[in-house]
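Heads up: the structure comes next, in structure tokens.
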Amino acid sequence: MNKLYPSAEAALQGVLHDGMLIASGGFGLCGIPERLLKAIQTSGVKDLTFASNNAGIDNEGIGMLLRTRQVKKMISSYVGENKEFERQYLAGELEVEFCPQGTLAERMRAGGAGIPGFYTRTGFGTLVAEGKEIKSFDGEDYVLERGIFADLAIAKAWKADETGNLVFRKTARNFNLPALTCGKIAVVEVEEIVPAGSLDPDQIHLPGVYVQRMVMGAPYDKKIEFVTTRERESTR
Amino acid sequence: MSWTRDQMAARAAQELQDGFYVNLGIGIPTLVANHIPENIHVTLQSENGMLGIGPFPYPDEVDADLINAGKQTISELPHSAYFDSAQSFAMIRGGHIDLTVLGAMEVSQNGDIANWMIPGKLIKGMGGAMDLVAGVKKIICVMEHVSKHGEPKFIPECTLPLTGKNVIDMLITDLAVFQRPDHSSPFRLIELAPGVTADEVSARTNAIYLS
């Protein structure tokens, strides 16, 4: 079965619908599935809920879809550095469910692993626990959190072989891996597609069983939010 | 003479031990990395998926795929390891990280911390702070002793929405250090900044503590 599609638009053909829940990878602008997000914007699909750690920045990442008013709700842990997000949120046009970062990652992992709920210490005694079941184990209280079962998962990886085995690069792995596991259908964009057999089977980060569709997204012009450097010691 | 931000960070760095795995928050906690004693080896964790954070890169080695939790470019070390966000927080929540240093808006006398939300002001989110205070073995909080308006921040009960309940082990301010041996004991004043008296600390604190 061919998992490789000629474009991001083609890779999303037939899977988008209004009001759907999309799990997306990326941390800030690092490792965001920018080609797929652009294709979702172009499709015009709306009332979307995104489970994504962040909401992009102005006109980058999910920020693009905020600008075109295609997002109804965000499930995120941190949404700073985004003026349009602030405007829509303060105007009551955008719903936000704040979810602790580790709980969000685990909700994706759990959904992908067929686990509908789990108990965590995170958020106990805070606003995050309000309205949720609390259960005591060995004298400690834990909060019941739900797994995420997304209609669609989108992510970016570094390399894929033809069967969808994936390798990520450095800290661009982040939410891309758990997000891909929790979608009814998972679509990934990559920087390079290599023939089956050229990736070391011991070095695969996510096996192709989780991936239904792929698109080659290169060349990428990767954005950096804060470039911080040190001086090279003088060689004189 | 109160401690500067850098001196507060240096004081927090004294709590590091050889072999520790450590997560540093954003702000003053980040400065702790500049004060790691030379005779010990500490591995820094970045919650976006890395152990072994290296220094900022040289200008020609900047890599968009290599950033810290503050979204700044960083570099890797020979022993660095990368992993996904679920794995990152499994090690945080699961008690595998020895120590975290976090900033705060308020700390209460029973160890509650508030550092993510001011009602009525724009909410940016808690990021990984709730997970860190829920799972890391030792939680150190670093903050100014009083607010810009001179209001005490170490108080009987937090007025702001909590990040975690009964989680703080040590509080370092610009005036003093408070510590408690376990989560059912009160904090004790254990150290004063040079030239600061216990009475001055008491006058700027509403929380009850042992001295």
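Naming scheme: A, B, ... for chains in displayed order of the structure tokens; residues 1 onward per chain; ligands 1 onward as shown.
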Would you write out, as JSON lines, a table of all residues in chain A that have an atom no more than 6 Å from an atom of chain B, listing for each the closest atom pair and the distance in Å to one decimal, considering only C-alpha atoms and ordering rows by chain and rising residue number?
```
{"residue": "A:Cys30", "atom": "CA", "partner": "B:Asp65", "partner_atom": "CA", "distance": 5.9}
{"residue": "A:Ser77", "atom": "CA", "partner": "B:Gly127", "partner_atom": "CA", "distance": 4.6}
{"residue": "A:Tyr78", "atom": "CA", "partner": "B:Gly125", "partner_atom": "CA", "distance": 4.3}
{"residue": "A:Val79", "atom": "CA", "partner": "B:Lys124", "partner_atom": "CA", "distance": 5.1}
{"residue": "A:Gly80", "atom": "CA", "partner": "B:Lys124", "partner_atom": "CA", "distance": 5.0}
{"residue": "A:Pro100", "atom": "CA", "partner": "B:Gly127", "partner_atom": "CA", "distance": 5.8}
{"residue": "A:Gln101", "atom": "CA", "partner": "B:Gly128", "partner_atom": "CA", "distance": 4.8}
{"residue": "A:Gly102", "atom": "CA", "partner": "B:Phe89", "partner_atom": "CA", "distance": 4.9}
{"residue": "A:Ala105", "atom": "CA", "partner": "B:Ala86", "partner_atom": "CA", "distance": 4.8}
{"residue": "A:Glu106", "atom": "CA", "partner": "B:Ala86", "partner_atom": "CA", "distance": 5.5}
{"residue": "A:Arg121", "atom": "CA", "partner": "B:Ala134", "partner_atom": "CA", "distance": 5.8}
{"residue": "A:Thr122", "atom": "CA", "partner": "B:Asp131", "partner_atom": "CA", "distance": 5.0}
{"residue": "A:Gly123", "atom": "CA", "partner": "B:Met130", "partner_atom": "CA", "distance": 5.8}
{"residue": "A:Gly125", "atom": "CA", "partner": "B:Lys165", "partner_atom": "CA", "distance": 5.7}
{"residue": "A:Thr126", "atom": "CA", "partner": "B:Leu162", "partner_atom": "CA", "distance": 5.3}
{"residue": "A:Lys170", "atom": "CA", "partner": "B:Asp65", "partner_atom": "CA", "distance": 5.9}
{"residue": "A:Thr171", "atom": "CA", "partner": "B:Leu66", "partner_atom": "CA", "distance": 5.2}
{"residue": "A:Ala172", "atom": "CA", "partner": "B:Asp65", "partner_atom": "CA", "distance": 5.2}
{"residue": "A:Arg173", "atom": "CA", "partner": "B:Asp84", "partner_atom": "CA", "distance": 5.4}
{"residue": "A:Asn174", "atom": "CA", "partner": "B:Asp84", "partner_atom": "CA", "distance": 4.4}
{"residue": "A:Phe175", "atom": "CA", "partner": "B:Ser85", "partner_atom": "CA", "distance": 5.3}
{"residue": "A:Ile224", "atom": "CA", "partner": "B:Ala64", "partner_atom": "CA", "distance": 5.5}
{"residue": "A:Phe226", "atom": "CA", "partner": "B:Gln72", "partner_atom": "CA", "distance": 4.8}
{"residue": "A:Val227", "atom": "CA", "partner": "B:Thr73", "partner_atom": "CA", "distance": 5.5}
{"residue": "A:Thr228", "atom": "CA", "partner": "B:Thr73", "partner_atom": "CA", "distance": 5.4}
{"residue": "A:Thr229", "atom": "CA", "partner": "B:Phe56", "partner_atom": "CA", "distance": 4.8}
{"residue": "A:Arg230", "atom": "CA", "partner": "B:Tyr58", "partner_atom": "CA", "distance": 5.3}
```
Could you tell me, as a PDB file with all heavy atoms, in the first residue's frame, which residues of segment 56-131 of chain A DSSP assigns to helix (DSSP H, G or I) when given the backbone?
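Saved the output as selection-v2.pdb:
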```pdb
ATOM      1  N   ILE A  62      -0.321  27.095  13.897  1.00  0.00           N
ATOM      2  CA  ILE A  62      -1.774  27.197  14.081  1.00  0.00           C
ATOM      3  C   ILE A  62      -2.198  28.672  14.062  1.00  0.00           C
ATOM      4  O   ILE A  62      -3.350  28.981  13.777  1.00  0.00           O
ATOM      5  CB  ILE A  62      -2.183  26.464  15.384  1.00  0.00           C
ATOM      6  CG1 ILE A  62      -1.950  24.957  15.210  1.00  0.00           C
ATOM      7  CG2 ILE A  62      -3.655  26.720  15.728  1.00  0.00           C
ATOM      8  CD1 ILE A  62      -2.127  24.133  16.466  1.00  0.00           C
ATOM      9  N   GLY A  63      -1.242  29.572  14.327  1.00  0.00           N
ATOM     10  CA  GLY A  63      -1.518  31.011  14.193  1.00  0.00           C
ATOM     11  C   GLY A  63      -2.113  31.380  12.841  1.00  0.00           C
ATOM     12  O   GLY A  63      -2.947  32.277  12.734  1.00  0.00           O
ATOM     13  N   MET A  64      -1.717  30.665  11.781  1.00  0.00           N
ATOM     14  CA  MET A  64      -2.281  30.894  10.435  1.00  0.00           C
ATOM     15  C   MET A  64      -3.785  30.629  10.434  1.00  0.00           C
ATOM     16  O   MET A  64      -4.560  31.353   9.808  1.00  0.00           O
ATOM     17  CB  MET A  64      -1.673  29.916   9.418  1.00  0.00           C
ATOM     18  CG  MET A  64      -0.236  30.142   9.046  1.00  0.00           C
ATOM     19  SD  MET A  64       0.242  29.069   7.647  1.00  0.00           S
ATOM     20  CE  MET A  64      -0.007  27.421   8.290  1.00  0.00           C
ATOM     21  N   LEU A  65      -4.171  29.555  11.113  1.00  0.00           N
ATOM     22  CA  LEU A  65      -5.579  29.139  11.109  1.00  0.00           C
ATOM     23  C   LEU A  65      -6.422  29.990  12.066  1.00  0.00           C
ATOM     24  O   LEU A  65      -7.643  30.069  11.920  1.00  0.00           O
ATOM     25  CB  LEU A  65      -5.686  27.668  11.513  1.00  0.00           C
ATOM     26  CG  LEU A  65      -4.969  26.716  10.560  1.00  0.00           C
ATOM     27  CD1 LEU A  65      -4.748  25.364  11.214  1.00  0.00           C
ATOM     28  CD2 LEU A  65      -5.774  26.544   9.297  1.00  0.00           C
ATOM     29  N   LEU A  66      -5.749  30.603  13.047  1.00  0.00           N
ATOM     30  CA  LEU A  66      -6.464  31.539  13.912  1.00  0.00           C
ATOM     31  C   LEU A  66      -6.826  32.776  13.103  1.00  0.00           C
ATOM     32  O   LEU A  66      -7.935  33.303  13.181  1.00  0.00           O
ATOM     33  CB  LEU A  66      -5.584  31.939  15.105  1.00  0.00           C
ATOM     34  CG  LEU A  66      -5.342  30.852  16.150  1.00  0.00           C
ATOM     35  CD1 LEU A  66      -4.236  31.279  17.111  1.00  0.00           C
ATOM     36  CD2 LEU A  66      -6.620  30.568  16.934  1.00  0.00           C
ATOM     37  N   ARG A  67      -5.887  33.219  12.303  1.00  0.00           N
ATOM     38  CA  ARG A  67      -6.100  34.424  11.495  1.00  0.00           C
ATOM     39  C   ARG A  67      -7.287  34.246  10.551  1.00  0.00           C
ATOM     40  O   ARG A  67      -8.042  35.168  10.313  1.00  0.00           O
ATOM     41  CB  ARG A  67      -4.822  34.728  10.717  1.00  0.00           C
ATOM     42  CG  ARG A  67      -4.880  36.022   9.972  1.00  0.00           C
ATOM     43  CD  ARG A  67      -3.505  36.584   9.743  1.00  0.00           C
ATOM     44  NE  ARG A  67      -2.897  37.055  10.982  1.00  0.00           N
ATOM     45  CZ  ARG A  67      -1.915  37.945  11.025  1.00  0.00           C
ATOM     46  NH1 ARG A  67      -1.435  38.460   9.926  1.00  0.00           N
ATOM     47  NH2 ARG A  67      -1.406  38.314  12.180  1.00  0.00           N
ATOM     48  N   LYS A  83      -0.438  37.474  19.311  1.00  0.00           N
ATOM     49  CA  LYS A  83      -1.360  38.610  19.445  1.00  0.00           C
ATOM     50  C   LYS A  83      -2.784  38.292  18.987  1.00  0.00           C
ATOM     51  O   LYS A  83      -3.755  38.666  19.629  1.00  0.00           O
ATOM     52  CB  LYS A  83      -0.842  39.809  18.632  1.00  0.00           C
ATOM     53  CG  LYS A  83       0.347  40.504  19.271  1.00  0.00           C
ATOM     54  CD  LYS A  83      -0.123  41.541  20.296  1.00  0.00           C
ATOM     55  CE  LYS A  83       1.055  42.253  20.947  1.00  0.00           C
ATOM     56  NZ  LYS A  83       1.863  41.331  21.772  1.00  0.00           N
ATOM     57  N   GLU A  84      -2.905  37.591  17.849  1.00  0.00           N
ATOM     58  CA  GLU A  84      -4.237  37.290  17.327  1.00  0.00           C
ATOM     59  C   GLU A  84      -4.955  36.314  18.258  1.00  0.00           C
ATOM     60  O   GLU A  84      -6.160  36.413  18.474  1.00  0.00           O
ATOM     61  CB  GLU A  84      -4.128  36.706  15.904  1.00  0.00           C
ATOM     62  CG  GLU A  84      -5.451  36.309  15.261  1.00  0.00           C
ATOM     63  CD  GLU A  84      -6.434  37.472  15.088  1.00  0.00           C
ATOM     64  OE1 GLU A  84      -6.020  38.637  15.205  1.00  0.00           O
ATOM     65  OE2 GLU A  84      -7.632  37.209  14.855  1.00  0.00           O
ATOM     66  N   PHE A  85      -4.186  35.395  18.837  1.00  0.00           N
ATOM     67  CA  PHE A  85      -4.761  34.480  19.820  1.00  0.00           C
ATOM     68  C   PHE A  85      -5.333  35.284  20.989  1.00  0.00           C
ATOM     69  O   PHE A  85      -6.476  35.079  21.395  1.00  0.00           O
ATOM     70  CB  PHE A  85      -3.687  33.519  20.325  1.00  0.00           C
ATOM     71  CG  PHE A  85      -4.209  32.510  21.308  1.00  0.00           C
ATOM     72  CD1 PHE A  85      -4.569  31.244  20.885  1.00  0.00           C
ATOM     73  CD2 PHE A  85      -4.379  32.828  22.647  1.00  0.00           C
ATOM     74  CE1 PHE A  85      -5.072  30.319  21.782  1.00  0.00           C
ATOM     75  CE2 PHE A  85      -4.882  31.917  23.544  1.00  0.00           C
ATOM     76  CZ  PHE A  85      -5.223  30.662  23.114  1.00  0.00           C
ATOM     77  N   GLU A  86      -4.534  36.210  21.523  1.00  0.00           N
ATOM     78  CA  GLU A  86      -4.970  37.047  22.651  1.00  0.00           C
ATOM     79  C   GLU A  86      -6.255  37.782  22.310  1.00  0.00           C
ATOM     80  O   GLU A  86      -7.180  37.836  23.110  1.00  0.00           O
ATOM     81  CB  GLU A  86      -3.895  38.103  22.981  1.00  0.00           C
ATOM     82  CG  GLU A  86      -2.690  37.542  23.681  1.00  0.00           C
ATOM     83  CD  GLU A  86      -1.638  38.615  23.965  1.00  0.00           C
ATOM     84  OE1 GLU A  86      -1.996  39.809  24.021  1.00  0.00           O
ATOM     85  OE2 GLU A  86      -0.468  38.248  24.130  1.00  0.00           O
ATOM     86  N   ARG A  87      -6.288  38.367  21.114  1.00  0.00           N
ATOM     87  CA  ARG A  87      -7.449  39.158  20.721  1.00  0.00           C
ATOM     88  C   ARG A  87      -8.711  38.294  20.691  1.00  0.00           C
ATOM     89  O   ARG A  87      -9.734  38.647  21.285  1.00  0.00           O
ATOM     90  CB  ARG A  87      -7.211  39.798  19.346  1.00  0.00           C
ATOM     91  CG  ARG A  87      -8.169  40.937  19.013  1.00  0.00           C
ATOM     92  CD  ARG A  87      -8.205  41.237  17.528  1.00  0.00           C
ATOM     93  NE  ARG A  87      -8.698  40.126  16.721  1.00  0.00           N
ATOM     94  CZ  ARG A  87      -9.959  39.690  16.718  1.00  0.00           C
ATOM     95  NH1 ARG A  87     -10.861  40.262  17.483  1.00  0.00           N
ATOM     96  NH2 ARG A  87     -10.318  38.654  15.970  1.00  0.00           N
ATOM     97  N   GLN A  88      -8.631  37.126  20.029  1.00  0.00           N
ATOM     98  CA  GLN A  88      -9.809  36.262  19.908  1.00  0.00           C
ATOM     99  C   GLN A  88     -10.225  35.686  21.264  1.00  0.00           C
ATOM    100  O   GLN A  88     -11.410  35.559  21.557  1.00  0.00           O
ATOM    101  CB  GLN A  88      -9.528  35.112  18.929  1.00  0.00           C
ATOM    102  CG  GLN A  88      -9.415  35.583  17.495  1.00  0.00           C
ATOM    103  CD  GLN A  88      -9.280  34.421  16.518  1.00  0.00           C
ATOM    104  OE1 GLN A  88      -9.656  33.295  16.806  1.00  0.00           O
ATOM    105  NE2 GLN A  88      -8.729  34.714  15.353  1.00  0.00           N
ATOM    106  N   TYR A  89      -9.221  35.375  22.074  1.00  0.00           N
ATOM    107  CA  TYR A  89      -9.499  34.785  23.391  1.00  0.00           C
ATOM    108  C   TYR A  89     -10.187  35.802  24.292  1.00  0.00           C
ATOM    109  O   TYR A  89     -11.213  35.506  24.918  1.00  0.00           O
ATOM    110  CB  TYR A  89      -8.179  34.296  23.992  1.00  0.00           C
ATOM    111  CG  TYR A  89      -8.295  33.671  25.352  1.00  0.00           C
ATOM    112  CD1 TYR A  89      -9.248  32.686  25.620  1.00  0.00           C
ATOM    113  CD2 TYR A  89      -7.430  34.032  26.377  1.00  0.00           C
ATOM    114  CE1 TYR A  89      -9.335  32.100  26.873  1.00  0.00           C
ATOM    115  CE2 TYR A  89      -7.507  33.454  27.631  1.00  0.00           C
ATOM    116  CZ  TYR A  89      -8.472  32.486  27.868  1.00  0.00           C
ATOM    117  OH  TYR A  89      -8.550  31.915  29.106  1.00  0.00           O
ATOM    118  N   LEU A  90      -9.654  37.040  24.333  1.00  0.00           N
ATOM    119  CA  LEU A  90     -10.237  38.075  25.182  1.00  0.00           C
ATOM    120  C   LEU A  90     -11.613  38.498  24.681  1.00  0.00           C
ATOM    121  O   LEU A  90     -12.466  38.908  25.451  1.00  0.00           O
ATOM    122  CB  LEU A  90      -9.291  39.286  25.262  1.00  0.00           C
ATOM    123  CG  LEU A  90      -7.968  39.015  25.991  1.00  0.00           C
ATOM    124  CD1 LEU A  90      -7.028  40.199  25.874  1.00  0.00           C
ATOM    125  CD2 LEU A  90      -8.208  38.671  27.457  1.00  0.00           C
ATOM    126  N   GLN A 101       1.313  20.519  30.509  1.00  0.00           N
ATOM    127  CA  GLN A 101       2.050  19.984  29.361  1.00  0.00           C
ATOM    128  C   GLN A 101       2.222  18.465  29.407  1.00  0.00           C
ATOM    129  O   GLN A 101       2.033  17.771  28.404  1.00  0.00           O
ATOM    130  CB  GLN A 101       3.419  20.662  29.281  1.00  0.00           C
ATOM    131  CG  GLN A 101       4.115  20.425  27.974  1.00  0.00           C
ATOM    132  CD  GLN A 101       5.426  21.163  27.856  1.00  0.00           C
ATOM    133  OE1 GLN A 101       6.329  20.715  27.171  1.00  0.00           O
ATOM    134  NE2 GLN A 101       5.559  22.301  28.504  1.00  0.00           N
ATOM    135  N   GLY A 102       2.584  17.964  30.590  1.00  0.00           N
ATOM    136  CA  GLY A 102       2.788  16.518  30.701  1.00  0.00           C
ATOM    137  C   GLY A 102       1.485  15.745  30.621  1.00  0.00           C
ATOM    138  O   GLY A 102       1.432  14.632  30.095  1.00  0.00           O
ATOM    139  N   THR A 103       0.422  16.356  31.141  1.00  0.00           N
ATOM    140  CA  THR A 103      -0.896  15.709  31.057  1.00  0.00           C
ATOM    141  C   THR A 103      -1.347  15.664  29.598  1.00  0.00           C
ATOM    142  O   THR A 103      -1.891  14.647  29.143  1.00  0.00           O
ATOM    143  CB  THR A 103      -1.903  16.464  31.942  1.00  0.00           C
ATOM    144  OG1 THR A 103      -1.477  16.360  33.304  1.00  0.00           O
ATOM    145  CG2 THR A 103      -3.308  15.897  31.803  1.00  0.00           C
ATOM    146  N   LEU A 104      -1.076  16.731  28.846  1.00  0.00           N
ATOM    147  CA  LEU A 104      -1.450  16.749  27.429  1.00  0.00           C
ATOM    148  C   LEU A 104      -0.701  15.660  26.656  1.00  0.00           C
ATOM    149  O   LEU A 104      -1.295  14.917  25.861  1.00  0.00           O
ATOM    150  CB  LEU A 104      -1.159  18.131  26.827  1.00  0.00           C
ATOM    151  CG  LEU A 104      -1.523  18.298  25.348  1.00  0.00           C
ATOM    152  CD1 LEU A 104      -3.014  18.052  25.113  1.00  0.00           C
ATOM    153  CD2 LEU A 104      -1.140  19.695  24.857  1.00  0.00           C
ATOM    154  N   ALA A 105       0.594  15.551  26.909  1.00  0.00           N
ATOM    155  CA  ALA A 105       1.391  14.523  26.219  1.00  0.00           C
ATOM    156  C   ALA A 105       0.877  13.125  26.576  1.00  0.00           C
ATOM    157  O   ALA A 105       0.753  12.252  25.710  1.00  0.00           O
ATOM    158  CB  ALA A 105       2.866  14.659  26.599  1.00  0.00           C
ATOM    159  N   GLU A 106       0.559  12.929  27.861  1.00  0.00           N
ATOM    160  CA  GLU A 106       0.095  11.613  28.305  1.00  0.00           C
ATOM    161  C   GLU A 106      -1.307  11.317  27.783  1.00  0.00           C
ATOM    162  O   GLU A 106      -1.636  10.161  27.499  1.00  0.00           O
ATOM    163  CB  GLU A 106       0.142  11.526  29.835  1.00  0.00           C
ATOM    164  CG  GLU A 106      -0.122  10.134  30.399  1.00  0.00           C
ATOM    165  CD  GLU A 106       0.937   9.100  30.014  1.00  0.00           C
ATOM    166  OE1 GLU A 106       2.009   9.477  29.502  1.00  0.00           O
ATOM    167  OE2 GLU A 106       0.667   7.903  30.230  1.00  0.00           O
ATOM    168  N   ARG A 107      -2.142  12.365  27.657  1.00  0.00           N
ATOM    169  CA  ARG A 107      -3.486  12.160  27.094  1.00  0.00           C
ATOM    170  C   ARG A 107      -3.395  11.667  25.650  1.00  0.00           C
ATOM    171  O   ARG A 107      -4.178  10.821  25.209  1.00  0.00           O
ATOM    172  CB  ARG A 107      -4.297  13.457  27.165  1.00  0.00           C
ATOM    173  CG  ARG A 107      -4.724  13.818  28.584  1.00  0.00           C
ATOM    174  CD  ARG A 107      -5.471  15.149  28.614  1.00  0.00           C
ATOM    175  NE  ARG A 107      -6.739  15.055  27.905  1.00  0.00           N
ATOM    176  CZ  ARG A 107      -7.510  16.108  27.602  1.00  0.00           C
ATOM    177  NH1 ARG A 107      -7.121  17.336  27.948  1.00  0.00           N
ATOM    178  NH2 ARG A 107      -8.652  15.946  26.975  1.00  0.00           N
ATOM    179  N   MET A 108      -2.418  12.207  24.910  1.00  0.00           N
ATOM    180  CA  MET A 108      -2.211  11.735  23.531  1.00  0.00           C
ATOM    181  C   MET A 108      -1.672  10.301  23.544  1.00  0.00           C
ATOM    182  O   MET A 108      -2.148   9.435  22.816  1.00  0.00           O
ATOM    183  CB  MET A 108      -1.224  12.648  22.800  1.00  0.00           C
ATOM    184  CG  MET A 108      -1.762  14.034  22.500  1.00  0.00           C
ATOM    185  SD  MET A 108      -0.487  14.990  21.607  1.00  0.00           S
ATOM    186  CE  MET A 108      -1.317  16.570  21.431  1.00  0.00           C
ATOM    187  N   ARG A 109      -0.658  10.080  24.383  1.00  0.00           N
ATOM    188  CA  ARG A 109      -0.067   8.742  24.456  1.00  0.00           C
ATOM    189  C   ARG A 109      -1.122   7.705  24.843  1.00  0.00           C
ATOM    190  O   ARG A 109      -1.222   6.634  24.244  1.00  0.00           O
ATOM    191  CB  ARG A 109       1.070   8.715  25.477  1.00  0.00           C
ATOM    192  CG  ARG A 109       1.978   7.496  25.374  1.00  0.00           C
ATOM    193  CD  ARG A 109       2.718   7.206  26.657  1.00  0.00           C
ATOM    194  NE  ARG A 109       1.815   6.731  27.683  1.00  0.00           N
ATOM    195  CZ  ARG A 109       1.365   5.480  27.782  1.00  0.00           C
ATOM    196  NH1 ARG A 109       1.745   4.568  26.911  1.00  0.00           N
ATOM    197  NH2 ARG A 109       0.529   5.130  28.733  1.00  0.00           N
ATOM    198  N   ALA A 110      -1.951   8.082  25.860  1.00  0.00           N
ATOM    199  CA  ALA A 110      -2.988   7.158  26.327  1.00  0.00           C
ATOM    200  C   ALA A 110      -3.997   6.869  25.220  1.00  0.00           C
ATOM    201  O   ALA A 110      -4.337   5.705  24.964  1.00  0.00           O
ATOM    202  CB  ALA A 110      -3.684   7.741  27.560  1.00  0.00           C
ATOM    203  N   GLY A 111      -4.459   7.924  24.552  1.00  0.00           N
ATOM    204  CA  GLY A 111      -5.417   7.732  23.454  1.00  0.00           C
ATOM    205  C   GLY A 111      -4.861   6.764  22.420  1.00  0.00           C
ATOM    206  O   GLY A 111      -5.546   5.847  21.964  1.00  0.00           O
ATOM    207  N   GLY A 112      -3.598   6.967  22.076  1.00  0.00           N
ATOM    208  CA  GLY A 112      -2.953   6.112  21.077  1.00  0.00           C
ATOM    209  C   GLY A 112      -2.769   4.684  21.547  1.00  0.00           C
ATOM    210  O   GLY A 112      -2.657   3.758  20.750  1.00  0.00           O
ATOM    211  N   LEU A 127      -7.165  24.533  39.675  1.00  0.00           N
ATOM    212  CA  LEU A 127      -8.319  24.707  38.778  1.00  0.00           C
ATOM    213  C   LEU A 127      -8.439  23.572  37.770  1.00  0.00           C
ATOM    214  O   LEU A 127      -9.540  23.227  37.331  1.00  0.00           O
ATOM    215  CB  LEU A 127      -8.166  26.024  38.000  1.00  0.00           C
ATOM    216  CG  LEU A 127      -8.304  27.328  38.782  1.00  0.00           C
ATOM    217  CD1 LEU A 127      -8.030  28.516  37.864  1.00  0.00           C
ATOM    218  CD2 LEU A 127      -9.712  27.433  39.376  1.00  0.00           C
ATOM    219  N   VAL A 128      -7.292  23.003  37.402  1.00  0.00           N
ATOM    220  CA  VAL A 128      -7.275  21.935  36.395  1.00  0.00           C
ATOM    221  C   VAL A 128      -8.073  20.710  36.855  1.00  0.00           C
ATOM    222  O   VAL A 128      -8.640  19.978  36.040  1.00  0.00           O
ATOM    223  CB  VAL A 128      -5.802  21.552  36.099  1.00  0.00           C
ATOM    224  CG1 VAL A 128      -5.696  20.225  35.395  1.00  0.00           C
ATOM    225  CG2 VAL A 128      -5.144  22.647  35.276  1.00  0.00           C
ATOM    226  N   ALA A 129      -8.130  20.513  38.168  1.00  0.00           N
ATOM    227  CA  ALA A 129      -8.811  19.319  38.699  1.00  0.00           C
ATOM    228  C   ALA A 129     -10.316  19.530  38.879  1.00  0.00           C
ATOM    229  O   ALA A 129     -11.045  18.564  39.143  1.00  0.00           O
ATOM    230  CB  ALA A 129      -8.174  18.921  40.024  1.00  0.00           C
TER     231      ALA A 129
END
```
Fill in: Secondary structure check, strand (DSSP E) residues of segment 7-170 of chain B, as a ChimeraX atom specification
/B:21-24,43-46,50-53,76-82,99-103,106-108,113-114,138-142,154-155,170
Discussion item. I'd like the neighbourhood of segment 4-16 of chain A as a ChimeraX atom specification, where a residue qualifies if any of its atoms comes within 7 Å (using only C-alpha atoms), though same-chain residues fewer than 2 positions away should be ignored.
Written reply: /A:2,35-36,39,45,213-215
Item to complete: Quote the spacing between atom CA of Ala218 of chain A and atom CA of Glu192 of chain A in Å to one decimal place.
Response: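 These two atoms are separated by 7.2 Å.
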Worksheet entry | Who sits within 9 Å of Ile22 of chain A, only C-alpha atoms, same chain under 5 positions skipped, as a ChimeraX atom specification | /A:48-52,150-154,183
Worksheet item: So how far away is atom CA of Glu144 of chain B from atom CA of Gly103 of chain B, in Å?
Response: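 Value for the atom CA of Gly103 of chain B-atom CA of Glu144 of chain B distance: 9.1 Å.
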Worksheet item: At what distance in Å, to one decimal, does atom CA of Gly56 of chain A lie from atom CA of Asn82 of chain A?
Response: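 Between atom CA of Asn82 of chain A and atom CA of Gly56 of chain A the gap is 7.0 Å.
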Discussion item. Please list as a PyMOL selection string every residue within 12 Å of Asp200 of chain A, counting only C-alpha atoms and excluding residues in the same chain fewer than 4 positions away.
Written reply: chain A and resi 159-161+165-167+194-196+204-205+207
Polymer residues at most 7 Å from Ile190 of chain B, only C-alpha atoms, same-chain spacing of 4 or more positions, as a PDB file with N, CA and C atoms, in the first residue's frame:
```pdb
ATOM      1  N   VAL B 177      16.414  32.389  53.192  1.00  0.00           N
ATOM      2  CA  VAL B 177      16.131  31.028  52.725  1.00  0.00           C
ATOM      3  C   VAL B 177      15.276  30.316  53.783  1.00  0.00           C
ATOM      4  N   PHE B 178      14.195  29.680  53.328  1.00  0.00           N
ATOM      5  CA  PHE B 178      13.321  28.895  54.199  1.00  0.00           C
ATOM      6  C   PHE B 178      13.333  27.458  53.701  1.00  0.00           C
ATOM      7  N   GLN B 179      13.278  26.528  54.657  1.00  0.00           N
ATOM      8  CA  GLN B 179      13.321  25.120  54.257  1.00  0.00           C
ATOM      9  C   GLN B 179      12.434  24.311  55.193  1.00  0.00           C
TER      10      GLN B 179
END
```
